[in-house]
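Each remark here refers to the structure printed beneath this line.
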Amino acid sequence: MELMERYLPRFQFAEEHGRHVPAAPARVLDAAARPDVVDDPVARGLIALRELPGRLAGRFGFTSSLQHRPPFGLADFTALGRDGDRELAFGLVGRFWRADYGLEPVADAAAFAALDPAGMAKLVLHFTAEPAAGGTRLTTRTRIWCGGDEARRRFTAYWWLIRPASGLIRRRLLRRVHDAALSRTP
């Protein structure tokens, strides 16, 4: 977990899910990095539901920064790196409790590492692929660090609200990676 420890060694919130995949670690991580694998219809539906109030506000003439942006997805994350066939990490910074996520643009892994999250939350989505009997143990971990008491209070309420959906999305993601790693299509 070197990438996780490098980019978010301290955290206040965490979630972890795992699954056995009967394929080599390299193939499993390659599948986890594919945008088409991460793009899950159930996740899209949950994100659309979460964004609905902000998008409706924009349609009815109220201020909404969601009005002209695409739905939230992997493209909003910053690639933090890949360590061979062992791990893969993505980062995200923002005020996730806001209707528009309050995302902060982060150019690259160095900018993510250097960013002071005062008033915001830093999140790392991490995959590890460990050789296991007959394949790979794929684990996804999500860690969040909130910069300051106010950010932590706001994120705590948000976390309790979205955590069940977040867990569902992660478990479905593992299943999609499993299926993609076993498919003949690279």
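Ligands are numbered from 1 in the order shown, chains are lettered A, B, ... in the order of the structure tokens, and residues start at 1 in each chain.
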
Could you give me, as a ChimeraX atom specification, each residue of stretch 17-160 of chain A that DSSP assigns to strand (DSSP E or B) when run on this structure's backbone? /A:17-21,78-83,87-94,118,121-132,135-147

Counting only C-alpha atoms, which residues of stretch 38-113 of chain A fall within 9 Å of stretch 21-34 of chain A, and what is the closest atom pair for each with its distance in Å at one decimal, ordered by chain and rising number, as JSON lines?
{"residue": "A:Val38", "atom": "CA", "partner": "A:Arg34", "partner_atom": "CA", "distance": 6.5}
{"residue": "A:Asp39", "atom": "CA", "partner": "A:Arg34", "partner_atom": "CA", "distance": 8.8}
{"residue": "A:Arg82", "atom": "CA", "partner": "A:Leu29", "partner_atom": "CA", "distance": 8.8}
{"residue": "A:Gly84", "atom": "CA", "partner": "A:Ala26", "partner_atom": "CA", "distance": 7.7}
{"residue": "A:Asp85", "atom": "CA", "partner": "A:Ala26", "partner_atom": "CA", "distance": 4.7}
{"residue": "A:Arg86", "atom": "CA", "partner": "A:Pro25", "partner_atom": "CA", "distance": 7.0}
{"residue": "A:Glu87", "atom": "CA", "partner": "A:Leu29", "partner_atom": "CA", "distance": 7.3}
{"residue": "A:Leu88", "atom": "CA", "partner": "A:Leu29", "partner_atom": "CA", "distance": 7.1}

List as a Markdown table every residue of stretch 62-100 of chain A that is in contact with stretch 144-157 of chain A, defined as an atom at most 12 Å from one of its atoms (using only C-alpha atoms), together with the nearest atom pair and the distance in Å rounded to one decimal, sorted by chain and then rising number.
| residue | atom | partner | partner_atom | distance |
| --- | --- | --- | --- | --- |
| A:Gly91 | CA | A:Ile144 | CA | 9.9 |
| A:Leu92 | CA | A:Ile144 | CA | 9.4 |
| A:Val93 | CA | A:Ile144 | CA | 9.4 |
| A:Gly94 | CA | A:Cys146 | CA | 9.6 |
| A:Arg95 | CA | A:Ala151 | CA | 7.7 |
| A:Phe96 | CA | A:Phe155 | CA | 7.2 |
| A:Trp97 | CA | A:Phe155 | CA | 6.0 |
| A:Arg98 | CA | A:Arg154 | CA | 9.2 |

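Atom CA of A:Trp160 sits 12.1 Å away from atom CA of A:Glu15.
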
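Checking A:Leu49, A:Leu182, A:Val124, A:Val106 one by one against A:Leu3, counting only C-alpha atoms, you find the shortest gap at A:Val124.
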
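Taking atom CA of A:Ser166 and atom CA of A:His17 as endpoints, the distance between them is 10.8 Å.
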
DSSP says helix (DSSP H, G or I) for which residues of stretch 13-143 of chain A? Put them as number ranges by chain? A: 25-32, 35-38, 41-59, 74-76, 109-114

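In this comparison, which uses only C-alpha atoms, the residue of A:Leu138, A:Val42, A:Ala114, A:Ala75 approaching A:Leu174 most closely is A:Leu138.
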
List every residue of stretch 105-125 of chain A that has an atom at most 9 Å from any atom of stretch 5-8 of chain A, and for each one report the closest atom pair and its distance in Å to one decimal, counting only C-alpha atoms, with rows sorted by chain and then by increasing residue number, as CSV.
residue,atom,partner,partner_atom,distance
A:Ala109,CA,A:Tyr7,CA,8.3
A:Phe112,CA,A:Tyr7,CA,7.6
A:Ala113,CA,A:Tyr7,CA,5.7
A:Lys122,CA,A:Leu8,CA,7.9
A:Leu123,CA,A:Leu8,CA,7.8
A:Val124,CA,A:Leu8,CA,6.8

Selection above as a file: N, CA, C and O atoms, as a short mmCIF file (atom, residue, chain, number, x, y, z; two decimals), in the first residue's frame:
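Saved file selection.cif follows:
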data_model
loop_
_atom_site.label_atom_id
_atom_site.label_comp_id
_atom_site.auth_asym_id
_atom_site.auth_seq_id
_atom_site.Cartn_x
_atom_site.Cartn_y
_atom_site.Cartn_z
N ALA A 109 -0.12 14.13 -9.52
CA ALA A 109 0.12 13.50 -8.22
C ALA A 109 0.92 14.43 -7.29
O ALA A 109 0.63 14.49 -6.09
N PHE A 112 -1.40 16.97 -5.89
CA PHE A 112 -2.27 16.34 -4.89
C PHE A 112 -1.54 16.22 -3.55
O PHE A 112 -2.07 16.56 -2.50
N ALA A 113 -0.31 15.73 -3.59
CA ALA A 113 0.47 15.54 -2.38
C ALA A 113 0.73 16.86 -1.67
O ALA A 113 0.71 16.93 -0.44
N LYS A 122 -9.66 15.42 1.27
CA LYS A 122 -8.82 14.73 0.29
C LYS A 122 -9.21 13.26 0.33
O LYS A 122 -9.35 12.69 1.40
N LEU A 123 -9.38 12.67 -0.83
CA LEU A 123 -9.81 11.28 -0.93
C LEU A 123 -8.84 10.52 -1.84
O LEU A 123 -8.42 11.05 -2.87
N VAL A 124 -8.48 9.31 -1.44
CA VAL A 124 -7.72 8.43 -2.30
C VAL A 124 -8.52 7.15 -2.52
O VAL A 124 -8.98 6.52 -1.57
#

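Minimum distance to A:Thr78 across A:Arg163, A:Arg55, A:His126, A:Arg19 (counting only C-alpha atoms) occurs at A:His126.
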
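Closest approach to A:Gln12 from the set A:Trp159, A:Tyr101, A:Phe62, A:Phe72 is made by A:Trp159, with distances taken over only C-alpha atoms.
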
Need the shell around A:Ser65: protein/DNA/RNA residues with any atom at most 9 Å away, counting only C-alpha atoms. Skip same-chain ones fewer than 2 positions apart. Format as a PyMOL selection string? chain A and resi 54-55+58+63+67-69+99-100

Which residues, written as an NGL selection string, have at least one atom at most 9 Å from A:Ile169, with only C-alpha atoms counted and residues fewer than 3 positions away on the same chain left out? :A and (40 or 42-43 or 46 or 164-166 or 172-174)

Output N, CA, C and O atoms of each residue in that selection to a file, as a CSV table (one decimal), in the first residue's frame.
chain,number,residue,atom,x,y,z
A,40,ASP,N,-20.2,2.3,-14.4
A,40,ASP,CA,-21.3,1.4,-14.1
A,40,ASP,C,-22.7,2.1,-14.2
A,40,ASP,O,-22.8,3.2,-13.6
A,42,VAL,N,-25.4,1.4,-12.6
A,42,VAL,CA,-26.0,1.7,-11.2
A,42,VAL,C,-25.3,2.9,-10.6
A,42,VAL,O,-26.0,3.8,-10.0
A,43,ALA,N,-24.0,3.0,-10.7
A,43,ALA,CA,-23.3,4.1,-10.1
A,43,ALA,C,-23.8,5.4,-10.8
A,43,ALA,O,-24.0,6.4,-10.2
A,46,LEU,N,-27.1,6.4,-9.3
A,46,LEU,CA,-26.9,6.9,-8.0
A,46,LEU,C,-26.4,8.4,-8.0
A,46,LEU,O,-26.8,9.2,-7.3
A,164,PRO,N,-23.7,3.9,2.4
A,164,PRO,CA,-24.3,2.7,1.8
A,164,PRO,C,-24.2,2.6,0.3
A,164,PRO,O,-23.9,1.6,-0.3
A,165,ALA,N,-24.5,3.7,-0.4
A,165,ALA,CA,-24.3,3.8,-1.8
A,165,ALA,C,-22.9,3.7,-2.3
A,165,ALA,O,-22.6,3.0,-3.3
A,166,SER,N,-22.0,4.3,-1.5
A,166,SER,CA,-20.6,4.1,-1.8
A,166,SER,C,-20.1,2.7,-1.7
A,166,SER,O,-19.4,2.2,-2.6
A,172,ARG,N,-19.8,-3.3,-6.7
A,172,ARG,CA,-20.1,-3.5,-8.1
A,172,ARG,C,-18.9,-3.2,-9.0
A,172,ARG,O,-18.7,-3.9,-9.9
A,173,LEU,N,-18.1,-2.3,-8.6
A,173,LEU,CA,-16.8,-2.0,-9.3
A,173,LEU,C,-15.9,-3.3,-9.2
A,173,LEU,O,-15.3,-3.7,-10.3
A,174,LEU,N,-15.8,-3.9,-8.1
A,174,LEU,CA,-15.0,-5.1,-8.0
A,174,LEU,C,-15.5,-6.2,-8.9
A,174,LEU,O,-14.8,-6.9,-9.6

Restricting the calculation to only C-alpha atoms: of A:Ala133, A:Ala57, A:Leu66, A:Leu80, which residue gets closest to A:Leu103? A:Leu66

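The space between atom CA of A:Thr128 and atom CA of A:Arg141 spans 8.3 Å.
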
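Ranking A:Thr136, A:Glu2, A:Gly73, A:Arg184 by their shortest atom-to-atom distance to A:Gly45, with only C-alpha atoms included, puts A:Gly73 first.
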